[in-house]
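What follows is a single structure, written as structure tokens, with notes after it.
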Amino acid sequence: MNLPSLAFGVILPEIVVTATALLLLVVEMVSRPRRRLGQTAHAPVLITLIGLLAAAGLSLTALGGPMAEFQGMARADDLAHVLNLIVLGAAVLSVLLAWEYLPRFAGLSAEYYALLLLAVVGMMVLGKAVELITLFVGLEILSIALYVLTGFDRHHVSAAEAALKYFLLGAFASGFVLYGMALLYAETGSTFYADLAVRGQGGFFALTGLGLLLVGFGFKLAVVPFHMWAPDAYQGAPTSVTAFMAVATKAAAFVALFRLLQALPAVSAASWAPVLAVLALLTMTLGNLAALRQRSLKRMLAYSSIAHAGYMLIGLVTGTAAGLQALLYYLVVYAFMNMGAFGVVAALEPREPAALRDAEIAAAEGLFSRKPLLAVVMAVFMLSLTGIPPLAGFFGKLYLFGAAIAAGWTWLAVAGVLNSVVSAYYYLRVTVAMFMKEPAPTPGPAQPLLADSLALALTVTVLGTLLWGLFTGPWLLDLSAAVAGR
Amino acid sequence: MVPTTYYLVLAAVIFAIGALGVLIRRNALIIFMCVEMMLNSVNLTLVALAQQWGNLIGQVFVFIVVAVAAVEVAVGLAIIMAIVRHKDTTNVDEINLLRG
Amino acid sequence: MDFQTLPLLSLILWLPLAGALLLLIIFDERNVKSIALAVTLLDFVLSLGLLVGWVNDGSMQFVEDVAWLPALNIRYHLGVDGISLFLVLLTTFLGPIVVLFSWRNITHHLRSFMVLLLFQQTGMLGVFLALDLVLFFVFWEMSIIPMYFLIGRWGSERRVYAALKFFIYTMAGSALMLVAILLLYAQTGSFDWEVLRRTPLSPALQTWAFLAFALAFAVKVPLFPLHTWLPDAHVEAPTAGSVILAGVLLKMGTYGFLRFCLPLFPDVLPTFLPWIAVLALIGILYAALVALVQKDVKSLVAYSSVAHLGFVMLGIAGLSSQGLAGAVLQNVNHGLSTGALFLLVGMLYDRRHTRLLAEFGGLWKSLPAFSAFFVVVAMSSVGLPGLNGFVGEFTILLGTFQVRPVWAVLATLGVILAAWYLLTAVRGVIYGPLTNPKNATLPDLSLRERLVLIPIVILCFVIGLFPNLFFARINPAVEALRQDATRSAVVWQVPSR
Amino acid sequence: MPALLPTLGTLILLFPALGALVNGLAGRRLGRRGVAIVANLAVGLAFITAVLLFTGLNSLPPEARHVEVTLWSWMHIGRLQVDVALLLDPLSVFMVLVVTGIGLVIHLFAAEYMKLDDEHRPLDERHYGRFFAYVNLFVLLMLVLVLANNYVLLYLGWEGVGLASYLLIGFWFHRPAAADAGKKAFIVNRIGDFGLAVAIFLLFALFGDQAGNLAFPALFAQVETLHPNSPVLIAVTLLLLLAATGKSAQIPLYVWLPDAMEGPTPVSALIHAATMVTAGVYMIARSFPLFELAPVTMTTVAWIGGLTALLAATIALAQTDLKRILAYSTISQLGYMFLGVGLGAYVAAMFHLMTHAFFKALLFLAAGSVMHALHGELNIDRMGGLRAKLPTTYRQFLVGALALAGFPLLAGFWSKDAILLKAFEKAPLLYGLGLFTALLTAFYSFRAVYRAFYGQPRDLHLYEHAHEQPTGMTGPLWILVVGSLLSGFLGVPAGLGHRMGLAASDRVGLWLEPVFHTAAHSEHVTLNLELTLLAVSGAVAVLGILLAYGRYVRQTRWTLAVQDALRPLLPVLEHKYWVDELYLAVVVRPLRGLAQWCYRWGDQWLIDGMVNGLGRVAATVGAAATRLQTGLISWYALSFFVGVVALVGYFVWMAAR
Amino acid sequence: MSLLFFAFLALIALIGASGVILSRNAVHSALFLLLNFVVFAVFYIMLGAQLLGVVQVIVYAGAIVVLFLFVVMLIGGDIGPVRSGLRRYARWVAVVSMAVFLLIMVLGLARSLPPDAPAAMAPEAGSVQVVGQVLYTTYLLPFELVSLLLLVGMIGGVVLARRYRSPMEE
């Protein structure tokens with residue numbers, strides 16, 4: 001036992017975030033002030049933000065550095081660093097969203113942020129894991145933290161319902177993930193990817209195991225037909241959580257799935273790529289079609305997020321470095337535009353929640369007349385989600401579809417662009433409501449709540465949506481090493 | 001010596017029974033029990049495989065799964081309690097406010 | 001000043017956007033109009049600089065070419081040649097006109113309106129200047145956005161339907177073009193127009209890419225039967241929007257054919273161009289007929305656009321020198337005359353808040369100046385020789401006749417119909433007794449409205465009488481284009497010059 | 001002097017252009033007097049220039065009377081090299097003289113006439129200026145038409161005069177009939193223009209390599225390379241003929257001209273009688289090298305001319321509107337001209353064109369005077385006995401009618417006879433047709449004279465208020481009277497002229513000789529034949545006049561009996577053979593119906609239905625997709641599990657392979 | 001002999017499992033679950049995983065099932081219709097797809113392992129010491145992560161299960 005020999009540097013950002021969570025709990029425990037609902041607690045938020053930013057800083061400095069491993073279980077490579085940055089960034093934005101939003105319904109802010117931080121850790125682990133048990137634990141950490149966060153607004157029945165659905169189905173899915181892992185173990189007698197790569201034969205165990213793992217991650221990614229929980233959970237959860245889930249969980253799950261797919265060279269891409277392609281097609285098509293008829297803004301965005309998972313799957317289908325880069329690029333872009341869109345939803349939510357904590361699309365009517373800037377910002381997000389240049393969403397799709405076509409998946413790219421057209425309709429409906437309708441005279445929808453922190457988050461995201469595509473490309477990193485699985 | 005395959009098949013059957021339970025029962029608690037049963041059957045698979053491969057990885061895995069299951073139960077039951085507070089039921093058919 | 005090294009194109013391209021940003025930050029709402037006008041005027045003056053430094057050799061001029069997004073070898077590549085030159089000028093020319101027109105009649109959110117107009121201008125200029133396919137596509141799609149909002153917010157009754165239809169229709173059309181662009185890239189490793197036109201492409205790729213590009217452009221033009229978005233969009237849009245839409249936006253489609261479909265996919269042109277021509281022909285006759293029975297003046301003008309653009313497409317599909325050059329010029333002509341028609345209809349609408357033919361009649365009595373302009377502009381649209389429309393139509397038909405006489409003859413029938421429907425409009429609006437008392441007391445055109453129309457009318461005459469000023473700059477580019485388009489290995493009867 | 005010709009050619013266009021511009025833009029500020037001065041000055045200067053042109057050209061040897069002036073290059077694309085270029089040759093200068101000469105007279109008349117509007121109220125400055133801007137514009141474009149050195153510029157003039165005609169017919173814009181008539185004129189003309197356009201395309205296709213400028217000399221030099229009667233040439237000429245029938249109101253496109261009488265009377269005189277409508281004749285004459293090589297077309301032209309002459313004359317018999325009678329008479333006379341060019345008698349046709357310009361302008365302007373005198377009344381059934389009230393106008397009208405009727409020694413006599421002579425030589429059938437038409441012409445023109453000026457006033461109220469027109473209006477007409485009386489002597493057949501010792505025999509033919517080279521093939525007509533035919537024509541004209549006298553002044557029983565016998569025909573003639581109705585039923589209505597159908601069913605139902613249907617399908621599928629989202633956990637789990645089975649099944653299948 | 005024993009235990013396990021999903025009463029389900037868990041503990045020991053056998057009894061049987069029972073008692077046993085609200089065809093789909101799944105898995109599992117006897121494990125392999133050793137060395141990371149997981153569970157429990165009070169008092 002020689003502890004100093006352990007490469008803690010590999011998991012330093014995770015340690016920082018964990019420590020922040022613990023610190024948060026301790027501080028809260030020591031100095032628990034009596035707070036009324038509606039009062040904002042600044043200390044936990046600031047601590048959280050500092051922790052997240054510190055971890056992000058660590059990941060950023062590590063970027064481009066040599067690959068390192070922690071006992072063959074966690075691998076710190078550029079893929080992991082990029083994922084960390086995405087997850088941490090999403091978390092920061094989510095915290096900004098929650099800052100003034102959370103006190104509307106909950107006083108337990110320290111717990112909230114602690115759970116958020118721990119979910120972040122889970123996701124970061126997911127991104128680094130190169131061993132099945134680690135992967136499983138990471139997955140469970142993030143899942144369970146998110147179950148709780150989904151139901152965090154205990155006074156609200158839809159939150160509880162969302163949490164229950166998410167939880168029951170999540171646990172159900174965990175069973176399949178676990179079974180899949182067991183079968184991989186059956187194939188190779190090991191849980192280390194390194195061993196899987198060497199010993200995997202591509203027989204029944206390997207293929208079925210991979211299939212079951214696909215199912216499990218498909219669940220996390222809300223891939224059709226494993227998506228059904230998503231609209232409900234997204235709608236019921238506090239908006240700050242929804243936004244975080246939609247972005248960060250996806251990112252982590254994608255990276256984990258990517259690593260898994262690369263871990264079994266014996267199972268050729270020819271066997272799983274068509275499956276993923278079909279799933280991608282189903283996912284984007286169903287997501288977009290179902291979004292067409294939604295009246296709730298949040299639920300519409302939930303379906304939209306399903307559809308976007310479909311687009312992103314294309315990046316995995318290709319199995320190329322270009323595909324992965326496009327996928328990561330898209331995740332960044334998606335983080336900007338989706339977090340932003342949910343930020344506006346948070347602003348539009350009624351302060352006295354009805355049965356469903358929800359912003360109807362109708363709530364946005366005449367927004368341009370009431371809050372022009374907010375409407376413009378939302379329009380930017382909507383158009384970016386549609387994939388209209390020069391917004392970042394377009395470039396995300398450009399790289400994704402480009403990678404698909406370069407890898408020979410032209411039909412998938414065609415499906416993708418056609419889906420974008422379908423999606424235009426429901427995104428535009430929001431702009432129609434905001435710009436082309438006038439608010440009902442009486443009783444008009446409440447004035448949107450636009451706190452400073454939310455404004456900051458929206459500024460960041462809208463700038464990102466506007467400029468990211470124009471001034472950056474997916475050449476951020478050479479990820480071919482990650483693609484090779486080494 | 002019982003062949004490992006027997007254990008695997010038994011585990012698969014119990015896994016399937018658990019899954020079926022999830023599909024056809026309407027009591028959230030029982031659904032949850034079925035999920036636990038599924039996890040358990042995988043545990044059995046892992047332990048059997050550990051013996052098959054002659055290493056401890058499977059056992060370690062199960063150890064950790066047990067811990068995970070415990071946490072899941074704690075959180076899950078809390079969530080079910082939360083629902084019961086609002087709706088006074090564990091019948092999942094009545095929990096469909098969110099749909100469409 | 002050395003015009004060829006100055007980044008003139010970038011200046012022209014980005015000035016309106018910069019102006020839009022300026023409008024967003026200035027404090028005083030009253031200055032919005034003046035600034036918008038100043039910006040568009042300055043942009044026009046800048047674009048005139050293109051004529052000063054022009055080298056008439058058919059190649060790209062004022063080229064700017066720097067790496068933009070190296071990941072996919074996407075470049076910021078701008079250039080202008082005889083084909084795009086006058087479209088750029090048309091765009092910058094119409095800029096101040098629509099700003100001036102909207103001076104009074106946009107009563108709410110003027111600032112946003114002007115911002116969108118300027119934004120729109122950058123988008124359209126970008127389409128005409130971009131020589132990188134991705135850059136082109138970015139501008140192409142970008143130019144939908146402001147128009148969508150212009151229609152949707154400032155339009156008339158069915159504006160939401162029209163705006164959505166416009167957006168989704170055009171986006172659907174161009175969706176597959178993106179795939180085609182990426183396919184081209186996958187095969188050649190470049191998005192650059194200059195590279196692609198020199199790279200031989202496989203026949204299959206040419207086929208699919210042509211179809212995808214053509215679909216996008218055909219929707220924009222619009223080519224029959226993809227035209228139904230246009231009457232809706234035109235009718236519902238505010239006047240400035242209709243002017244931009246008819247004046248410039250539609251030209252993006254025909255320009256796309258000229259710039260991309262012809263030079264990049266020469267091998268499949270013999271297969272597809274006849275079909276394009278047939279559609280154009282149907283469009284000419286069909287839209288003219290439909291225009292005949294419109295009750296709404298604006299929708300009549302909208303259908304006339306379809307018919308007129310059919311001529312342009314016919315000229316393009318014939319691949320003759322005269323047809324192509326005529327098509328290029330006819331783009332400009334249509335922009336001017338239909339733009340002016342929309343302005344006139346807009347002036348009517350401002351006065352009466354209706355556009356139904358039945359509501360008018362005998363306006364010559366109360367609005368003599370308006371009527372005079374209306375007649376001149378209608379005649380320009382009818383294709384009266386001496387005015388601009390004739391030069392374009394005549395050269396197109398003459399050129400087409402050299403290749404496909406039957407097409408040309410049938411299309412010439414469309415000229416008769418054009419006279420019919422436009423004179424029906426003229427007859428309905430300004431002729432006849434002044435039966436509706438509401439029309440009796442309308443004020444005639446104000447100085448501002450005259451200022452809007454006079455430059456257009458003057459230009460109509462200039463083009464009609466001295467088209468060689470334009471052809472001289474168009475011809476070399478057209479010849480270069482013909483060389484590209486006919487380099488095919490396929491046996492293809494090349495029309496003589 | 002010859003060196004100045006190009007400058008003169010430019011100037012002659014410049015004057016009316018300036019006139020139109022000044023009157024159009026500043027008409028209101030100039031006042032009526034200023035407008036009239038500007039307009040008349042413009043045309044007057046143009047006329048002077050035309051005379052100078054004539055003398056200048058005349059000073060050249062005949063074979064050198066051919067000056068091409070390129071003003072600027074117009075459309076140069078590839079081998080298309082069209083310029084704005086003028087051709088000064090005897091033919092064009094002849095036309096220029098007619099246009100500016102008659103134009104000047106009519107301008108002078110109009111300066112007075114247009115002081116009142118159609119309802120006999122003073123016309124305000126703005127519209128007065130507008131009117132003269134239009135007519136100056138017309139003169140400009142007509143000059144462009146006749147001076148153009150290529151088909152494209154000719155086309156410009158061709159459509160341009162159509163525009164002027166459209167604007168002037170609809171000058172009283174508030175009158176629905178006027179507005180509709182203008183529109184009809186333009187559209188019917190467009191149908192003809194279609195022919196001209198396609199002809200140009202075809203010519204370019206044939207000769208574009210050698211004659212890319214489409215100029216007449218260059219083209220005609222190339223025509224020689226074609227075989228006579230080659231199909232393309234027949235096509236070209238038939239298309240040109242189509243254009244000519246439109247502009248010159250021949251079968252089948254004559255229907256617009258009677259309606260065009262809605263325009264102010266000076267317009268009817270200038271455009272719809274004297275000048276514009278003759279453009280078709282001019283154009284065919286100008287293109288004679290093409291037509292010569294297409295005898296089939298020539299025959300067609302002749303027959304169209306002959307039949308139109310007859311048809312229009314019969315219709316004129318039954319009309320009661322004075323201007324309409326004149327309009328049909330114009331159509332009929334244009335038919336003669338077509339007959340002439342169709343038979344190769346270009347000179348005769350041009351000669352008739354000129355004389356017709358004089359007497360028909362005279363008739364129209366005189367009719368205008370009558371109309372003014374009667375406060376806009378044009379129905380001859382309500383006139384009668386005006387001779388006493390309007391003596392000057394009566395005399396002027398009478399001269400015009402005599403000339404039109406072909407009364408011996410008057411203008412129409414000579415020119416009509418020149419054509420009939422040719423017909424007699426070449427196509428006796430057509431000669432008979434022409435002669436019969438001449439009889440009808442004499443009859444209907446004197447029917448008008450007698451109905452209007454003789455007998456008892458049929459509407460006393462009108463009669464009471466009738467008054468002679470001021471000299472500002474009647475004065476200029478005397479010029480036309482002189483022309484109608486004497487211009488015929490410019491074209492006395494050479495042989496006869498020689499015998500009569502006339503110094504000016506066949507002046508027209510001589511002047512046009514360099515263009516048509518006619519001298520070569522009109523030698524063999526004997527003097528006797530000439531004289532016989534002249535006598536016959538004269539007799540026919542007198543007979544016609546007498547018949548009219550008998551019917552309308554004497555009311556002899558047998559003429560009434562004849563009329564009774566022909567009564568069944570009357571409705572046919574009154575309704576102008578129902579040609580308008582036929583066109584409406586066969587062309588206009590079906591097209592409008594088709595248009596309506598295209599719009600309703602094609603655009604709105606089929607195309608838009610498909611577009612919106614696609615959207616609706618998406619929405620329906622979307623609704624179905626959301627129905628899957630039942631909110632039930634069991635259902636969600638089932639969906640999940642089905643997915644698992646499918647996926648695992650696939651992978652197991654992969655493993656088994 | 002051991003095969004017979006295995007068959008016997010398997011039968012009990014299957015009865016337990018079926019009992020869970022077939023009982024009307026949630027209490028009975030919990031008890032059947034307990035039966036199932038205990039049988040599994042025996043299997044573990046049979047497979048040489050002594051520690052796990054004990055853990056199984058303590059954690060699953062002792063803690064989890066008791067927790068279940070506790071909650072069931074708290075909220076009242078649910079004696080209602082057994083089956084979920086799925087439509088009839090959906091239930092058939094569920095059963096059929098289950099059968100397919102089972103068929104696939106059983107066929108696959110039965111064929112995929114080498115028929116030879118498993119490698120013999122050291123008798124002490126499943127003991128506390130050995131397992132602990134591995135856990136704390138090779139699998140240190142997941143093990144530590146499990147502690148985080150427990151923390152999450154703890155916070156979650158606190159957040160979700162505290163008494164419901166009016167929002168303003170929190």
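For the structure tokens, the naming scheme is as follows: chains receive sequential letters (A, B, ...) according to their order of presentation, residues are indexed from 1 within each chain, and ligands are indexed from 1 in presentation order.
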> Any idea what's packed within 9 Å of Ile95 (chain B), counting only C-alpha atoms, ignoring anything in its chain fewer than 5 positions away? Could you give it as a ChimeraX atom specification?
Replying inline: /A:161,165 /B:83,87,89-90 /D:631-633
Serialized selection, N, CA and C atoms, as a JSON list (two decimals), in the first residue's frame:
[["chain", "number", "residue", "atom", "x", "y", "z"],
["A", 161, "GLU", "N", -43.90, 13.72, -8.99],
["A", 161, "GLU", "CA", -44.24, 12.75, -10.02],
["A", 161, "GLU", "C", -43.06, 12.56, -10.98],
["A", 165, "LYS", "N", -41.09, 9.04, -11.68],
["A", 165, "LYS", "CA", -40.96, 8.42, -12.99],
["A", 165, "LYS", "C", -39.49, 8.27, -13.36],
["B", 83, "ILE", "N", -44.41, 11.30, -3.05],
["B", 83, "ILE", "CA", -45.60, 11.17, -3.88],
["B", 83, "ILE", "C", -46.82, 10.85, -3.02],
["B", 87, "LYS", "N", -50.36, 12.61, -3.21],
["B", 87, "LYS", "CA", -51.47, 11.95, -3.88],
["B", 87, "LYS", "C", -52.12, 10.86, -3.04],
["B", 89, "THR", "N", -51.33, 7.88, -2.73],
["B", 89, "THR", "CA", -51.43, 6.60, -3.43],
["B", 89, "THR", "C", -50.06, 6.18, -3.91],
["B", 90, "THR", "N", -49.91, 4.88, -4.07],
["B", 90, "THR", "CA", -48.70, 4.39, -4.71],
["B", 90, "THR", "C", -49.03, 3.78, -6.06],
["D", 631, "GLY", "N", -48.09, 9.06, -19.96],
["D", 631, "GLY", "CA", -47.91, 9.45, -18.57],
["D", 631, "GLY", "C", -47.86, 8.26, -17.64],
["D", 632, "LEU", "N", -48.04, 7.05, -18.17],
["D", 632, "LEU", "CA", -48.04, 5.86, -17.33],
["D", 632, "LEU", "C", -46.65, 5.23, -17.29],
["D", 633, "ILE", "N", -46.18, 5.01, -16.09],
["D", 633, "ILE", "CA", -44.85, 4.44, -15.94],
["D", 633, "ILE", "C", -44.77, 3.07, -16.60]]
> Could you write out, as number ranges by chain, all the residues of region 388-580 of chain D that DSSP marks as helix (DSSP H, G or I)?
Replying inline: D: 388-389, 391-405, 411-426, 428-453, 460-465, 471-491, 494-500, 507-516, 518-521, 527-554, 557-566, 569-574, 576-580
>> Set the cut-off to 8 Å and count only C-alpha atoms: what are the residues of chain A that reach chain E? Output as a PyMOL selection string.
In response: chain A and resi 1+34-37+71+73+105-108+111+115+118+133-134+137-138+140-141+144-145+148+151-152+154-155+203-205
Please tabulate, as a Markdown table, the residues of chain D that come within 9 Å of chain E, each with its closest pair of atoms and the distance in Å to one decimal, counting only C-alpha atoms and ordering rows by chain, then residue number upward.
| residue | atom | partner | partner_atom | distance |
| --- | --- | --- | --- | --- |
| D:Leu632 | CA | E:Gly85 | CA | 7.9 |
| D:Ser634 | CA | E:Ser84 | CA | 6.7 |
| D:Trp635 | CA | E:Leu86 | CA | 6.5 |
| D:Leu638 | CA | E:Ala94 | CA | 6.3 |
| D:Phe641 | CA | E:Ser97 | CA | 7.7 |
| D:Val642 | CA | E:Ser97 | CA | 6.4 |
| D:Val644 | CA | E:Phe101 | CA | 8.3 |
| D:Val645 | CA | E:Phe101 | CA | 5.7 |
| D:Ala646 | CA | E:Phe101 | CA | 8.9 |
| D:Val648 | CA | E:Phe101 | CA | 7.9 |
| D:Gly649 | CA | E:Ile104 | CA | 7.0 |
| D:Val652 | CA | E:Ile104 | CA | 7.4 |
> Any idea which chain B residues end up within 7 Å of chain A if we count only C-alpha atoms, as an MDAnalysis selection string please?
Replying inline: chainID B and resid 32 35 38:39 42 45:46 49 53 57 61 76 79:80 82:83 86 95 97:99
Expected file: the selected residues, N, CA and C atoms, as an mmCIF file, in the first residue's frame:
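part09.cif written:
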data_model
loop_
_atom_site.group_PDB
_atom_site.id
_atom_site.type_symbol
_atom_site.label_atom_id
_atom_site.label_comp_id
_atom_site.auth_asym_id
_atom_site.auth_seq_id
_atom_site.Cartn_x
_atom_site.Cartn_y
_atom_site.Cartn_z
ATOM 1 N N PHE B 32 -40.755 -1.235 -7.536
ATOM 2 C CA PHE B 32 -39.425 -0.997 -7.000
ATOM 3 C C PHE B 32 -38.795 -2.296 -6.500
ATOM 4 N N VAL B 35 -37.443 -4.143 -9.308
ATOM 5 C CA VAL B 35 -36.153 -3.608 -9.756
ATOM 6 C C VAL B 35 -35.036 -4.159 -8.882
ATOM 7 N N MET B 38 -34.182 -7.534 -9.881
ATOM 8 C CA MET B 38 -33.374 -7.575 -11.102
ATOM 9 C C MET B 38 -31.903 -7.353 -10.756
ATOM 10 N N LEU B 39 -31.657 -6.361 -9.894
ATOM 11 C CA LEU B 39 -30.263 -6.090 -9.505
ATOM 12 C C LEU B 39 -29.657 -7.324 -8.855
ATOM 13 N N VAL B 42 -28.610 -9.931 -11.256
ATOM 14 C CA VAL B 42 -27.326 -9.614 -11.883
ATOM 15 C C VAL B 42 -26.183 -9.913 -10.917
ATOM 16 N N THR B 45 -25.368 -13.374 -11.195
ATOM 17 C CA THR B 45 -24.580 -13.585 -12.407
ATOM 18 C C THR B 45 -23.120 -13.252 -12.149
ATOM 19 N N LEU B 46 -22.910 -12.109 -11.516
ATOM 20 C CA LEU B 46 -21.532 -11.659 -11.303
ATOM 21 C C LEU B 46 -20.762 -12.624 -10.414
ATOM 22 N N LEU B 49 -19.917 -15.672 -12.272
ATOM 23 C CA LEU B 49 -18.850 -15.438 -13.233
ATOM 24 C C LEU B 49 -17.510 -15.290 -12.531
ATOM 25 N N TRP B 53 -14.369 -17.283 -13.713
ATOM 26 C CA TRP B 53 -13.094 -16.699 -14.129
ATOM 27 C C TRP B 53 -12.012 -16.849 -13.079
ATOM 28 N N ILE B 57 -13.076 -9.954 -9.192
ATOM 29 C CA ILE B 57 -13.685 -8.727 -9.709
ATOM 30 C C ILE B 57 -15.193 -8.778 -9.567
ATOM 31 N N PHE B 61 -17.518 -6.212 -7.548
ATOM 32 C CA PHE B 61 -18.613 -5.541 -8.246
ATOM 33 C C PHE B 61 -19.902 -5.679 -7.445
ATOM 34 N N GLY B 76 -35.180 6.087 -3.230
ATOM 35 C CA GLY B 76 -36.415 5.698 -3.903
ATOM 36 C C GLY B 76 -37.589 5.707 -2.959
ATOM 37 N N ILE B 79 -38.644 9.119 -2.314
ATOM 38 C CA ILE B 79 -39.425 9.708 -3.411
ATOM 39 C C ILE B 79 -40.854 9.191 -3.385
ATOM 40 N N ILE B 80 -40.987 7.892 -3.134
ATOM 41 C CA ILE B 80 -42.333 7.333 -3.073
ATOM 42 C C ILE B 80 -43.116 7.980 -1.940
ATOM 43 N N ALA B 82 -42.714 10.938 -0.884
ATOM 44 C CA ALA B 82 -43.080 12.297 -1.315
ATOM 45 C C ALA B 82 -44.334 12.265 -2.162
ATOM 46 N N ILE B 83 -44.406 11.302 -3.048
ATOM 47 C CA ILE B 83 -45.598 11.169 -3.879
ATOM 48 C C ILE B 83 -46.818 10.850 -3.021
ATOM 49 N N HIS B 86 -48.430 13.750 -1.551
ATOM 50 C CA HIS B 86 -49.254 14.578 -2.428
ATOM 51 C C HIS B 86 -50.508 13.866 -2.868
ATOM 52 N N ILE B 95 -50.666 8.374 -11.268
ATOM 53 C CA ILE B 95 -49.626 9.397 -11.295
ATOM 54 C C ILE B 95 -49.336 9.740 -12.743
ATOM 55 N N LEU B 97 -50.064 13.028 -14.196
ATOM 56 C CA LEU B 97 -50.297 14.449 -14.421
ATOM 57 C C LEU B 97 -49.479 14.934 -15.612
ATOM 58 N N LEU B 98 -48.279 14.416 -15.683
ATOM 59 C CA LEU B 98 -47.368 14.810 -16.756
ATOM 60 C C LEU B 98 -47.522 13.827 -17.905
ATOM 61 N N ARG B 99 -47.986 14.303 -18.995
ATOM 62 C CA ARG B 99 -48.130 13.419 -20.154
ATOM 63 C C ARG B 99 -48.338 14.262 -21.410
#
> Taking only C-alpha atoms into account, which residues of chain C are within 8 Å of chain D, as number ranges by chain?
Replying inline: C: 225-226, 228, 286, 289-293, 321-322, 325, 362, 364-365, 384-386, 391, 397-398, 401-402, 409, 412-413, 415-416, 419-420, 423-424, 427, 430-434, 465-468, 471-472, 475, 497
>> If the cut-off is 7 Å, can you tell me the residues of chain D near chain A, counting only C-alpha atoms? I'd like them as a ChimeraX atom specification.
In response: /D:618-619,621-623,625-626,629,633,636-637,639-640,643-644,647-648,651-652,654-655
>> Which residues are close to Asp459 (chain D), i.e. within 9 Å by only C-alpha atoms, leaving aside same-chain residues fewer than 2 positions away? Reply as number ranges by chain.
In response: D: 381-384, 456-457, 461-464
For the residues in that selection, give me C-alpha atoms as a PDB file, in the first residue's frame.
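Once written, result01.pdb looks like this:
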ATOM      1  CA  ASP D 381     -78.945  59.653 -86.584  1.00  0.00           C
ATOM      2  CA  ARG D 382     -79.241  62.675 -84.342  1.00  0.00           C
ATOM      3  CA  MET D 383     -77.645  65.092 -86.747  1.00  0.00           C
ATOM      4  CA  GLY D 384     -78.942  66.303 -90.057  1.00  0.00           C
ATOM      5  CA  GLN D 456     -83.755  68.008 -91.622  1.00  0.00           C
ATOM      6  CA  PRO D 457     -82.200  68.200 -88.186  1.00  0.00           C
ATOM      7  CA  HIS D 461     -81.964  70.731 -79.419  1.00  0.00           C
ATOM      8  CA  LEU D 462     -78.566  69.694 -80.687  1.00  0.00           C
ATOM      9  CA  TYR D 463     -79.115  71.556 -83.845  1.00  0.00           C
ATOM     10  CA  GLU D 464     -80.014  74.758 -82.088  1.00  0.00           C
TER      11      GLU D 464
END
>> Show me, as a PyMOL selection string, the residues of chain C whose atoms get within 10 Å of chain A, using only C-alpha atoms for the distance check.
In response: chain C and resi 68-72+74+109+112+123+134-135+137-145+148-155+159-161+163-165+167-187+189
Counting only C-alpha atoms, which residues in chain B sit no more than 7 Å from chain D? For each one, give the nearest pair of atoms and the distance in Å, sorted by chain then residue number, as a Markdown table.
| residue | atom | partner | partner_atom | distance |
| --- | --- | --- | --- | --- |
| B:Val22 | CA | D:Ser634 | CA | 7.0 |
| B:Leu23 | CA | D:Ser634 | CA | 5.1 |
| B:Ile24 | CA | D:Ser634 | CA | 6.7 |
| B:Val92 | CA | D:Ile633 | CA | 6.4 |
| B:Asp93 | CA | D:Leu632 | CA | 5.8 |
| B:Asn96 | CA | D:Gly631 | CA | 4.5 |
| B:Leu97 | CA | D:Gly631 | CA | 6.9 |
| B:Leu98 | CA | D:Gly631 | CA | 5.7 |
| B:Arg99 | CA | D:Gly631 | CA | 4.3 |
| B:Gly100 | CA | D:Thr626 | CA | 4.7 |
